[in-house]
$ cat structure-v4.cif   # mmCIF, C-alpha atoms and all ligand atoms
data_run
loop_
_atom_site.group_PDB
_atom_site.id
_atom_site.type_symbol
_atom_site.label_atom_id
_atom_site.label_comp_id
_atom_site.auth_asym_id
_atom_site.auth_seq_id
_atom_site.Cartn_x
_atom_site.Cartn_y
_atom_site.Cartn_z
ATOM 1 C CA MET A 75 178.191 -6.280 -72.973
ATOM 2 C CA ALA A 76 176.869 -9.010 -75.237
ATOM 3 C CA ASP A 77 176.768 -8.280 -78.972
ATOM 4 C CA LEU A 78 173.106 -7.603 -79.804
ATOM 5 C CA ASP A 79 173.468 -7.199 -83.599
ATOM 6 C CA ASN A 80 172.580 -10.781 -84.479
ATOM 7 C CA THR A 81 170.008 -11.471 -81.806
ATOM 8 C CA ARG A 82 167.241 -13.690 -83.207
ATOM 9 C CA GLU A 83 163.897 -11.919 -82.965
ATOM 10 C CA THR A 84 161.445 -14.672 -83.834
ATOM 11 C CA LYS A 85 160.279 -16.996 -81.091
ATOM 12 C CA GLU A 86 158.494 -20.328 -81.332
ATOM 13 C CA PHE A 87 156.304 -21.335 -78.407
ATOM 14 C CA TYR A 88 154.827 -24.462 -80.050
ATOM 15 C CA LEU A 89 151.378 -23.393 -78.910
ATOM 16 C CA LYS A 90 149.714 -26.405 -80.483
ATOM 17 C CA ILE A 91 151.951 -28.913 -78.733
ATOM 18 C CA PRO A 92 150.763 -29.796 -75.236
ATOM 19 C CA ALA A 93 153.404 -29.863 -72.504
ATOM 20 C CA ARG A 94 154.900 -33.303 -71.996
ATOM 21 C CA LYS A 95 153.548 -35.196 -69.021
ATOM 22 C CA GLU A 96 155.516 -38.366 -68.484
ATOM 23 C CA ALA A 97 154.601 -40.738 -65.708
ATOM 24 C CA PHE A 98 157.623 -42.080 -63.812
ATOM 25 C CA PHE A 99 158.257 -45.655 -64.916
ATOM 26 C CA LEU A 100 158.585 -47.369 -61.543
ATOM 27 C CA LYS A 101 155.685 -48.813 -59.619
ATOM 28 C CA GLY A 102 154.549 -46.732 -56.647
ATOM 29 C CA SER A 103 157.219 -44.090 -57.253
ATOM 30 C CA GLY A 104 155.263 -41.443 -59.164
ATOM 31 C CA ALA A 105 154.866 -39.114 -56.189
ATOM 32 C CA LEU A 106 158.547 -39.081 -55.244
ATOM 33 C CA ASP A 107 160.631 -35.944 -55.527
ATOM 34 C CA TRP A 108 162.874 -35.362 -58.576
ATOM 35 C CA GLY A 109 166.147 -36.292 -56.849
ATOM 36 C CA MET A 110 164.651 -39.501 -55.531
ATOM 37 C CA GLN A 111 163.327 -40.453 -58.987
ATOM 38 C CA ASP A 112 166.640 -39.522 -60.578
ATOM 39 C CA ARG A 113 168.515 -41.853 -58.236
ATOM 40 C CA LEU A 114 166.037 -44.684 -58.805
ATOM 41 C CA ALA A 115 166.342 -44.172 -62.569
ATOM 42 C CA ARG A 116 170.096 -44.745 -62.255
ATOM 43 C CA ILE A 117 169.543 -48.074 -60.500
ATOM 44 C CA PHE A 118 166.590 -49.264 -62.647
ATOM 45 C CA GLN A 119 166.971 -48.994 -66.420
ATOM 46 C CA PRO A 120 164.129 -46.840 -67.778
ATOM 47 C CA GLN A 121 164.036 -48.918 -71.012
ATOM 48 C CA SER A 122 163.195 -52.202 -69.285
ATOM 49 C CA GLY A 123 162.036 -50.876 -65.905
ATOM 50 C CA ARG A 124 164.356 -53.432 -64.336
ATOM 51 C CA THR A 125 167.773 -53.708 -62.708
ATOM 52 C CA VAL A 126 170.661 -56.120 -62.331
ATOM 53 C CA MET A 127 172.258 -55.168 -59.034
ATOM 54 C CA LEU A 128 175.444 -56.951 -58.051
ATOM 55 C CA ALA A 129 175.323 -57.689 -54.308
ATOM 56 C CA ILE A 130 178.768 -57.877 -52.705
ATOM 57 C CA ASP A 131 177.927 -56.687 -49.190
ATOM 58 C CA HIS A 132 178.134 -60.143 -47.570
ATOM 59 C CA GLY A 133 181.385 -59.271 -45.776
ATOM 60 C CA TYR A 134 179.581 -56.927 -43.404
ATOM 61 C CA PHE A 135 178.614 -59.915 -41.296
ATOM 62 C CA GLN A 136 180.381 -62.890 -42.958
ATOM 63 C CA GLY A 137 183.896 -61.559 -43.559
ATOM 64 C CA PRO A 138 185.740 -62.650 -46.712
ATOM 65 C CA THR A 139 183.224 -65.157 -48.022
ATOM 66 C CA SER A 140 184.025 -67.336 -51.080
ATOM 67 C CA GLY A 141 184.295 -65.235 -54.205
ATOM 68 C CA LEU A 142 184.773 -61.997 -52.255
ATOM 69 C CA GLU A 143 188.260 -62.670 -50.862
ATOM 70 C CA ARG A 144 189.714 -60.126 -53.303
ATOM 71 C CA VAL A 145 187.092 -57.676 -54.508
ATOM 72 C CA ASP A 146 189.720 -55.828 -56.553
ATOM 73 C CA VAL A 147 190.572 -58.980 -58.509
ATOM 74 C CA ASN A 148 187.199 -60.733 -58.746
ATOM 75 C CA ILE A 149 184.540 -58.051 -58.627
ATOM 76 C CA VAL A 150 185.883 -54.812 -60.106
ATOM 77 C CA PRO A 151 186.047 -56.389 -63.619
ATOM 78 C CA LEU A 152 182.337 -57.303 -63.312
ATOM 79 C CA ALA A 153 181.215 -53.766 -62.470
ATOM 80 C CA PRO A 154 180.666 -52.682 -66.106
ATOM 81 C CA TYR A 155 177.977 -55.371 -66.454
ATOM 82 C CA ALA A 156 176.034 -54.346 -63.326
ATOM 83 C CA ASP A 157 173.381 -51.623 -63.234
ATOM 84 C CA ALA A 158 174.298 -50.920 -59.603
ATOM 85 C CA LEU A 159 176.621 -52.225 -56.897
ATOM 86 C CA MET A 160 175.305 -53.077 -53.443
ATOM 87 C CA LEU A 161 178.143 -52.885 -50.961
ATOM 88 C CA THR A 162 179.564 -51.429 -47.757
ATOM 89 C CA ARG A 163 181.288 -48.073 -47.544
ATOM 90 C CA GLY A 164 184.520 -49.817 -46.512
ATOM 91 C CA ILE A 165 184.787 -51.815 -49.734
ATOM 92 C CA LEU A 166 183.557 -48.839 -51.744
ATOM 93 C CA ARG A 167 186.215 -46.440 -50.481
ATOM 94 C CA SER A 168 189.055 -48.944 -50.358
ATOM 95 C CA THR A 169 188.504 -50.908 -53.550
ATOM 96 C CA ILE A 170 185.978 -49.576 -56.077
ATOM 97 C CA PRO A 171 187.340 -46.958 -58.488
ATOM 98 C CA ALA A 172 185.159 -43.850 -58.332
ATOM 99 C CA ALA A 173 185.612 -43.534 -62.104
ATOM 100 C CA SER A 174 183.633 -46.749 -62.604
ATOM 101 C CA GLY A 175 180.583 -44.467 -62.417
ATOM 102 C CA LYS A 176 178.285 -47.162 -61.041
ATOM 103 C CA PRO A 177 175.240 -46.253 -58.956
ATOM 104 C CA ILE A 178 175.841 -47.346 -55.378
ATOM 105 C CA VAL A 179 173.317 -49.007 -53.087
ATOM 106 C CA LEU A 180 175.054 -48.520 -49.779
ATOM 107 C CA ARG A 181 174.706 -51.115 -47.028
ATOM 108 C CA ALA A 182 173.550 -48.929 -44.160
ATOM 109 C CA SER A 183 172.823 -51.412 -41.362
ATOM 110 C CA GLY A 184 175.051 -53.806 -39.483
ATOM 111 C CA GLY A 185 176.470 -54.800 -36.122
ATOM 112 C CA PRO A 186 176.433 -58.508 -35.364
ATOM 113 C CA SER A 187 178.640 -61.041 -37.119
ATOM 114 C CA ILE A 188 177.619 -64.578 -38.053
ATOM 115 C CA LEU A 189 178.820 -65.541 -34.570
ATOM 116 C CA LYS A 190 175.984 -63.597 -32.915
ATOM 117 C CA GLU A 191 172.262 -62.882 -33.194
ATOM 118 C CA LEU A 192 171.979 -61.383 -36.699
ATOM 119 C CA SER A 193 168.781 -59.443 -36.124
ATOM 120 C CA ASN A 194 170.502 -57.221 -33.551
ATOM 121 C CA GLU A 195 171.488 -54.665 -36.204
ATOM 122 C CA GLN A 196 171.716 -50.902 -35.988
ATOM 123 C CA ILE A 197 172.061 -48.154 -38.537
ATOM 124 C CA ALA A 198 175.713 -48.275 -39.557
ATOM 125 C CA VAL A 199 176.137 -45.212 -41.781
ATOM 126 C CA ASP A 200 175.514 -41.537 -41.181
ATOM 127 C CA ILE A 201 173.439 -39.790 -43.847
ATOM 128 C CA GLU A 202 176.247 -37.257 -44.365
ATOM 129 C CA ASP A 203 178.596 -40.045 -45.325
ATOM 130 C CA ALA A 204 176.032 -41.558 -47.698
ATOM 131 C CA ILE A 205 175.760 -38.143 -49.392
ATOM 132 C CA ARG A 206 179.552 -37.762 -49.468
ATOM 133 C CA LEU A 207 179.748 -41.133 -51.228
ATOM 134 C CA ASN A 208 177.083 -40.051 -53.735
ATOM 135 C CA ALA A 209 174.945 -43.072 -52.794
ATOM 136 C CA SER A 210 172.001 -43.736 -55.081
ATOM 137 C CA ALA A 211 170.220 -45.641 -52.297
ATOM 138 C CA MET A 212 170.752 -46.971 -48.759
ATOM 139 C CA ALA A 213 169.977 -50.580 -47.832
ATOM 140 C CA VAL A 214 168.752 -51.775 -44.450
ATOM 141 C CA GLN A 215 167.981 -55.314 -43.283
ATOM 142 C CA VAL A 216 164.561 -55.896 -41.719
ATOM 143 C CA PHE A 217 164.065 -58.992 -39.569
ATOM 144 C CA ILE A 218 160.315 -59.576 -39.448
ATOM 145 C CA GLY A 219 159.670 -62.253 -36.836
ATOM 146 C CA GLY A 220 163.267 -62.062 -35.668
ATOM 147 C CA GLU A 221 164.391 -61.510 -32.099
ATOM 148 C CA TYR A 222 165.149 -57.807 -32.706
ATOM 149 C CA GLU A 223 162.274 -57.242 -35.126
ATOM 150 C CA THR A 224 161.205 -53.849 -33.741
ATOM 151 C CA GLN A 225 164.772 -52.520 -33.609
ATOM 152 C CA SER A 226 165.354 -53.479 -37.236
ATOM 153 C CA VAL A 227 162.042 -51.892 -38.269
ATOM 154 C CA HIS A 228 163.082 -48.697 -36.463
ATOM 155 C CA ASN A 229 166.367 -48.766 -38.369
ATOM 156 C CA LEU A 230 164.307 -48.774 -41.571
ATOM 157 C CA THR A 231 161.970 -45.965 -40.520
ATOM 158 C CA ARG A 232 164.825 -43.747 -39.316
ATOM 159 C CA LEU A 233 166.681 -44.253 -42.589
ATOM 160 C CA VAL A 234 163.499 -43.516 -44.548
ATOM 161 C CA ASP A 235 163.132 -40.247 -42.628
ATOM 162 C CA VAL A 236 166.675 -39.089 -43.429
ATOM 163 C CA GLY A 237 166.476 -40.527 -46.949
ATOM 164 C CA ASN A 238 163.313 -38.526 -47.618
ATOM 165 C CA ARG A 239 164.975 -35.418 -46.210
ATOM 166 C CA TYR A 240 167.878 -35.629 -48.668
ATOM 167 C CA GLY A 241 166.303 -37.459 -51.613
ATOM 168 C CA ILE A 242 168.057 -40.794 -51.160
ATOM 169 C CA PRO A 243 165.860 -43.893 -51.612
ATOM 170 C CA VAL A 244 165.904 -46.702 -49.055
ATOM 171 C CA LEU A 245 165.995 -50.395 -49.940
ATOM 172 C CA GLY A 246 164.299 -52.597 -47.327
ATOM 173 C CA VAL A 247 165.951 -56.020 -47.336
ATOM 174 C CA THR A 248 163.803 -58.789 -45.905
ATOM 175 C CA ALA A 249 166.071 -61.074 -43.906
ATOM 176 C CA VAL A 250 165.242 -64.701 -43.526
ATOM 177 C CA GLY A 251 166.520 -66.073 -40.229
ATOM 178 C CA LYS A 252 167.373 -69.710 -39.619
ATOM 179 C CA GLU A 253 164.215 -70.127 -37.587
ATOM 180 C CA LEU A 254 161.855 -68.344 -40.019
ATOM 181 C CA THR A 255 159.847 -70.048 -42.750
ATOM 182 C CA ARG A 256 160.527 -68.810 -46.239
ATOM 183 C CA ASP A 257 157.129 -68.978 -47.938
ATOM 184 C CA ALA A 258 154.894 -66.546 -49.824
ATOM 185 C CA ARG A 259 152.812 -65.804 -46.748
ATOM 186 C CA TYR A 260 155.894 -64.729 -44.773
ATOM 187 C CA LEU A 261 157.413 -62.759 -47.667
ATOM 188 C CA ARG A 262 154.108 -60.944 -48.330
ATOM 189 C CA LEU A 263 154.100 -59.898 -44.691
ATOM 190 C CA ALA A 264 157.746 -58.803 -44.646
ATOM 191 C CA CYS A 265 157.712 -56.946 -47.997
ATOM 192 C CA ARG A 266 154.463 -55.182 -47.251
ATOM 193 C CA ILE A 267 155.681 -54.015 -43.841
ATOM 194 C CA CYS A 268 158.827 -52.554 -45.452
ATOM 195 C CA ALA A 269 156.759 -50.720 -48.084
ATOM 196 C CA GLU A 270 154.108 -49.524 -45.625
ATOM 197 C CA LEU A 271 156.821 -48.054 -43.428
ATOM 198 C CA GLY A 272 158.342 -46.136 -46.319
ATOM 199 C CA ALA A 273 160.934 -48.291 -48.101
ATOM 200 C CA HIS A 274 161.225 -47.044 -51.688
ATOM 201 C CA PHE A 275 162.023 -50.528 -52.967
ATOM 202 C CA VAL A 276 162.259 -53.956 -51.385
ATOM 203 C CA LYS A 277 164.575 -56.894 -51.770
ATOM 204 C CA THR A 278 163.351 -60.380 -51.026
ATOM 205 C CA TYR A 279 163.832 -64.030 -51.921
ATOM 206 C CA TYR A 280 162.070 -66.025 -54.602
ATOM 207 C CA VAL A 281 159.577 -68.720 -53.602
ATOM 208 C CA GLU A 282 158.230 -71.296 -56.049
ATOM 209 C CA ASP A 283 154.718 -71.075 -54.742
ATOM 210 C CA GLY A 284 152.982 -67.699 -54.844
ATOM 211 C CA PHE A 285 155.829 -65.291 -55.598
ATOM 212 C CA GLU A 286 153.490 -63.275 -57.819
ATOM 213 C CA THR A 287 151.328 -62.578 -54.733
ATOM 214 C CA VAL A 288 154.420 -61.177 -52.992
ATOM 215 C CA THR A 289 155.127 -58.726 -55.834
ATOM 216 C CA ALA A 290 151.428 -57.916 -56.373
ATOM 217 C CA SER A 291 150.838 -56.998 -52.731
ATOM 218 C CA CYS A 292 153.969 -54.855 -52.453
ATOM 219 C CA PRO A 293 153.197 -51.332 -53.722
ATOM 220 C CA VAL A 294 156.834 -50.509 -54.582
ATOM 221 C CA PRO A 295 159.354 -52.344 -56.808
ATOM 222 C CA VAL A 296 160.627 -55.704 -55.572
ATOM 223 C CA VAL A 297 164.069 -57.026 -56.499
ATOM 224 C CA MET A 298 164.941 -60.665 -56.004
ATOM 225 C CA ALA A 299 167.914 -61.735 -53.873
ATOM 226 C CA GLY A 300 169.783 -64.628 -55.423
ATOM 227 C CA GLY A 301 170.256 -66.754 -52.318
ATOM 228 C CA LYS A 302 172.730 -69.586 -51.890
ATOM 229 C CA LYS A 303 174.743 -70.848 -54.861
ATOM 230 C CA ILE A 304 172.912 -73.209 -57.191
ATOM 231 C CA GLY A 305 173.672 -74.371 -60.736
ATOM 232 C CA GLU A 306 173.907 -71.640 -63.369
ATOM 233 C CA LYS A 307 170.905 -72.849 -65.347
ATOM 234 C CA ASP A 308 168.782 -73.028 -62.194
ATOM 235 C CA ALA A 309 169.860 -69.541 -61.155
ATOM 236 C CA LEU A 310 168.888 -68.181 -64.584
ATOM 237 C CA ARG A 311 165.545 -69.958 -64.281
ATOM 238 C CA LEU A 312 165.062 -68.341 -60.860
ATOM 239 C CA ALA A 313 165.767 -64.873 -62.261
ATOM 240 C CA TYR A 314 163.427 -65.521 -65.203
ATOM 241 C CA ARG A 315 160.589 -66.653 -62.976
ATOM 242 C CA ALA A 316 161.083 -63.728 -60.612
ATOM 243 C CA VAL A 317 160.855 -61.062 -63.339
ATOM 244 C CA THR A 318 158.022 -62.876 -65.108
ATOM 245 C CA GLU A 319 156.142 -62.939 -61.797
ATOM 246 C CA GLY A 320 156.500 -59.235 -61.153
ATOM 247 C CA ALA A 321 159.987 -58.548 -59.798
ATOM 248 C CA SER A 322 161.649 -55.386 -61.115
ATOM 249 C CA GLY A 323 164.978 -57.152 -61.400
ATOM 250 C CA VAL A 324 167.507 -58.945 -59.244
ATOM 251 C CA ASP A 325 170.073 -58.108 -56.599
ATOM 252 C CA MET A 326 172.240 -61.147 -57.031
ATOM 253 C CA GLY A 327 175.471 -62.033 -55.297
ATOM 254 C CA ARG A 328 176.676 -65.596 -54.819
ATOM 255 C CA ASN A 329 175.048 -66.938 -57.970
ATOM 256 C CA ILE A 330 177.183 -64.488 -59.910
ATOM 257 C CA PHE A 331 180.468 -64.153 -58.051
ATOM 258 C CA GLN A 332 180.650 -67.837 -57.040
ATOM 259 C CA SER A 333 179.848 -68.963 -60.592
ATOM 260 C CA GLU A 334 182.482 -70.858 -62.562
ATOM 261 C CA ALA A 335 182.443 -67.912 -64.989
ATOM 262 C CA PRO A 336 181.149 -64.800 -63.182
ATOM 263 C CA TRP A 337 181.657 -62.434 -66.152
ATOM 264 C CA ALA A 338 179.570 -64.751 -68.363
ATOM 265 C CA MET A 339 176.950 -65.333 -65.683
ATOM 266 C CA ILE A 340 176.266 -61.655 -65.048
ATOM 267 C CA GLN A 341 175.859 -61.065 -68.792
ATOM 268 C CA ALA A 342 173.425 -63.992 -69.036
ATOM 269 C CA VAL A 343 171.461 -62.617 -66.074
ATOM 270 C CA ARG A 344 171.246 -59.282 -67.902
ATOM 271 C CA LYS A 345 169.736 -61.042 -70.928
ATOM 272 C CA VAL A 346 167.057 -62.595 -68.720
ATOM 273 C CA VAL A 347 166.271 -59.451 -66.759
ATOM 274 C CA HIS A 348 166.418 -56.787 -69.473
ATOM 275 C CA GLU A 349 165.429 -58.787 -72.548
ATOM 276 C CA SER A 350 163.232 -61.467 -70.930
ATOM 277 C CA MET A 351 165.411 -64.116 -72.572
ATOM 278 C CA GLU A 352 164.246 -67.629 -71.677
ATOM 279 C CA PRO A 353 166.527 -69.485 -69.243
ATOM 280 C CA ASP A 354 167.632 -72.214 -71.678
ATOM 281 C CA GLN A 355 168.653 -69.630 -74.236
ATOM 282 C CA ALA A 356 170.397 -67.536 -71.574
ATOM 283 C CA TYR A 357 172.290 -70.619 -70.432
ATOM 284 C CA ASP A 358 173.434 -71.223 -74.035
ATOM 285 C CA PHE A 359 174.571 -67.611 -74.115
ATOM 286 C CA TYR A 360 176.488 -68.176 -70.858
ATOM 287 C CA GLN A 361 178.200 -71.249 -72.308
ATOM 288 C CA THR A 362 179.050 -69.446 -75.551
ATOM 289 C CA LEU A 363 180.723 -66.611 -73.648
ATOM 290 C CA GLN A 364 182.660 -69.138 -71.585
ATOM 291 C CA HIS A 365 183.765 -71.001 -74.719
ATOM 292 C CA GLU A 366 184.857 -67.795 -76.444
ATOM 293 C CA ARG A 367 186.904 -66.786 -73.406
ATOM 294 C CA ARG A 368 188.635 -70.194 -73.303
ATOM 295 C CA GLU A 369 189.417 -69.970 -77.031
ATOM 296 C CA ALA A 370 190.807 -66.462 -76.638
ATOM 297 C CA LEU A 371 193.001 -67.586 -73.729
ATOM 298 C CA ALA A 372 194.250 -70.618 -75.659
ATOM 299 C CA HIS A 373 195.195 -68.377 -78.615
ATOM 300 C CA SER A 374 196.988 -65.881 -76.435
ATOM 301 C CA GLU A 375 199.003 -68.656 -74.755
ATOM 302 C CA ALA A 376 199.890 -70.378 -78.073
HETATM 303 C C1 LIG B 1 172.874 -60.457 -47.392
HETATM 304 O O1 LIG B 1 172.364 -60.176 -46.381
HETATM 305 C C2 LIG B 1 173.136 -59.464 -48.375
HETATM 306 O O2 LIG B 1 172.192 -58.438 -48.254
HETATM 307 C C3 LIG B 1 173.191 -59.890 -49.828
HETATM 308 O O3 LIG B 1 173.264 -58.704 -50.533
HETATM 309 C C4 LIG B 1 172.035 -60.696 -50.303
HETATM 310 O O4 LIG B 1 171.896 -61.857 -49.572
HETATM 311 C C5 LIG B 1 172.094 -60.974 -51.812
HETATM 312 O O5 LIG B 1 173.105 -61.782 -52.120
HETATM 313 P P1 LIG B 1 172.869 -63.296 -52.565
HETATM 314 O O6 LIG B 1 172.393 -63.234 -53.985
HETATM 315 O O7 LIG B 1 174.215 -63.915 -52.437
HETATM 316 O O8 LIG B 1 171.849 -63.898 -51.665
#
$ encode --input "structure-v4.cif" --output "structure tokens" --more "lines below"
Ligand code: R5P
Amino acid sequence: MADLDNTRETKEFYLKIPARKEAFFLKGSGALDWGMQDRLARIFQPQSGRTVMLAIDHGYFQGPTSGLERVDVNIVPLAPYADALMLTRGILRSTIPAASGKPIVLRASGGPSILKELSNEQIAVDIEDAIRLNASAMAVQVFIGGEYETQSVHNLTRLVDVGNRYGIPVLGVTAVGKELTRDARYLRLACRICAELGAHFVKTYYVEDGFETVTASCPVPVVMAGGKKIGEKDALRLAYRAVTEGASGVDMGRNIFQSEAPWAMIQAVRKVVHESMEPDQAYDFYQTLQHERREALAHSEA
């Protein structure tokens, strides 16, 4: 039996202090259940309301693309700088140390390779496996206007149903096929369809003209996909414009892991996304990190 001799008798109920009522920080996510909000708050930093996701899922249809030939060598050292990793369960189980503690956005659709019709995807992960892997979200590609548009939309809605059942958010990824125009009008359509059908956040590309109308008309957070490799300064400018025009962060792949200095690039992207650092300044920061690394290497070899 517990010792009752020293039990404190006085109690303080702070009757004059109203109970805290904190609104959840992410757009359109206030009505979600606690587990869902908890997972989103692991992916998006509550301080900035934004995220830097590192996308390395390209192999699910492209195989070992440049920069991802050896995820253990090239990507694992970058993980500490990412807010979340977007990847397949195969790379997760085989290559990512569980002790890295990173929130996982699990690629949950797939099927065709680059040799076939890409929109012909199906759900590629069972919800039980996503739970077993402690996924913070599941990602599904949606091909609006694509040949298998309806099938890909059904993949999204089925994942949203199971995600809602178990408290795991779903990321709707708007695919841009070879034959589809990438403009604000198309992206507004694609993002809005994903959100209307239940996606908890949406990933899409940046467009110069009207991106703010894409984010404004999407009721849930939008993260920007990096797209094909461009110069580092241009990629930082892209990230800056995206967050300034309403994106809640980036989910960037090639512009980080195909950079000349990926570790410096991801840190510069963080400055832009979380601190709204201007692109020129972030590029200087990138170059400084690169210079310091070269100096350190030269010293260690001397
Ligand atoms: C492609 O379908 C994958 O979902 C990638 O995660 C996505 O394209 C983002 O990577 P990147 O910045 O290389 O475009």
$ resolve_selection --input "structure-v4.cif" --expression "the PyMOL selection byres (((chain A and resi 228) around 12) and not hetatm)" --output "list in words"
Ser183, Asn194, Glu195, Gln196, Ile197, Val214, Gln215, Val216, Phe217, Ile218, Tyr222, Glu223, Thr224, Gln225, Ser226, Val227, Asn229, Leu230, Thr231, Arg232, Leu233, Val234, Asp235, Gly246, Ile267, Cys268, Leu271, Gly272 and Ala273 of chain A
$ residues_near_ligand --input "structure-v4.cif" --ligand "ligand LIG 1 (chain B)" --cutoff "7 Å" --atoms "only C-alpha atoms and all ligand atoms" --output "count of residues only"
16
$ atom_distance --input "structure-v4.cif" --atom1 "atom CA of A:Gly320" --atom2 "atom CA of A:Lys277"
12.6 Å
$ axis_aligned_box --input "structure-v4.cif" --around "stretch 217-231 of chain A" --padding-each-side "5 Å" --output "lines of an AutoDock Vina configuration file"
center_x = 163.0
center_y = -54.1
center_z = -36.8
size_x = 16.7
size_y = 26.3
size_z = 19.5
$ residues_around --input "structure-v4.cif" --residues "A:Met351" --least-positions-apart "3" --cutoff "12 Å" --atoms "all atoms listed in the file" --output "PyMOL selection string"
chain A and resi 310-311+313-315+317-318+341-348+354-360
$ closest_residue --input "structure-v4.cif" --among "A:Val199, A:Ser103, A:Arg163, A:Phe331" --to "A:Val145" --atoms "all atoms listed in the file"
A:Phe331
$ residues_around --input "structure-v4.cif" --residues "A:Leu161" --least-positions-apart "4" --cutoff "12 Å" --atoms "only C-alpha atoms" --output "ChimeraX atom specification"
/A:127-135,142,145,149,153,165-170,176-184,204,207,209-214,325-327
$ atom_distance --input "structure-v4.cif" --atom1 "atom CA of A:Arg262" --atom2 "atom CA of A:Val244"
18.5 Å
$ atom_distance --input "structure-v4.cif" --atom1 "atom CA of A:Ala258" --atom2 "atom CA of A:Phe285"
6.0 Å
$ residues_around --input "structure-v4.cif" --residues "A:Asp107" --least-positions-apart "6" --cutoff "12 Å" --atoms "all atoms listed in the file" --output "list in words"
Phe98, Arg113, Leu114, Gly237, Asn238, Arg239, Tyr240, Gly241, Ile242, Pro243 and His274 of chain A
$ build_atoms --input "structure-v4.cif" --residues "stretch 93-106 of chain A" --atoms "N, CA and C atoms" --output "short mmCIF file (atom, residue, chain, number, x, y, z; two decimals), in the coordinates of the input"
data_model
loop_
_atom_site.label_atom_id
_atom_site.label_comp_id
_atom_site.auth_asym_id
_atom_site.auth_seq_id
_atom_site.Cartn_x
_atom_site.Cartn_y
_atom_site.Cartn_z
N ALA A 93 152.20 -29.59 -73.31
CA ALA A 93 153.40 -29.86 -72.50
C ALA A 93 153.49 -31.36 -72.23
N ARG A 94 154.72 -31.86 -72.25
CA ARG A 94 154.90 -33.30 -72.00
C ARG A 94 154.58 -33.63 -70.54
N LYS A 95 153.85 -34.72 -70.38
CA LYS A 95 153.55 -35.20 -69.02
C LYS A 95 153.94 -36.67 -69.00
N GLU A 96 155.08 -36.97 -68.47
CA GLU A 96 155.52 -38.37 -68.48
C GLU A 96 155.40 -38.95 -67.08
N ALA A 97 154.70 -40.08 -67.01
CA ALA A 97 154.60 -40.74 -65.71
C ALA A 97 155.93 -41.42 -65.42
N PHE A 98 156.38 -41.39 -64.18
CA PHE A 98 157.62 -42.08 -63.81
C PHE A 98 157.41 -43.58 -63.97
N PHE A 99 158.43 -44.27 -64.46
CA PHE A 99 158.26 -45.66 -64.92
C PHE A 99 158.19 -46.70 -63.80
N LEU A 100 158.55 -46.34 -62.59
CA LEU A 100 158.58 -47.37 -61.54
C LEU A 100 157.31 -47.38 -60.71
N LYS A 101 156.88 -48.58 -60.44
CA LYS A 101 155.68 -48.81 -59.62
C LYS A 101 155.74 -48.05 -58.28
N GLY A 102 154.67 -47.36 -57.97
CA GLY A 102 154.55 -46.73 -56.65
C GLY A 102 155.50 -45.57 -56.40
N SER A 103 156.18 -45.09 -57.46
CA SER A 103 157.22 -44.09 -57.25
C SER A 103 156.88 -42.75 -57.90
N GLY A 104 155.65 -42.64 -58.41
CA GLY A 104 155.26 -41.44 -59.16
C GLY A 104 155.22 -40.18 -58.33
N ALA A 105 155.00 -40.31 -57.02
CA ALA A 105 154.87 -39.11 -56.19
C ALA A 105 156.19 -38.71 -55.53
N LEU A 106 157.26 -39.41 -55.88
CA LEU A 106 158.55 -39.08 -55.24
C LEU A 106 159.13 -37.81 -55.85
#
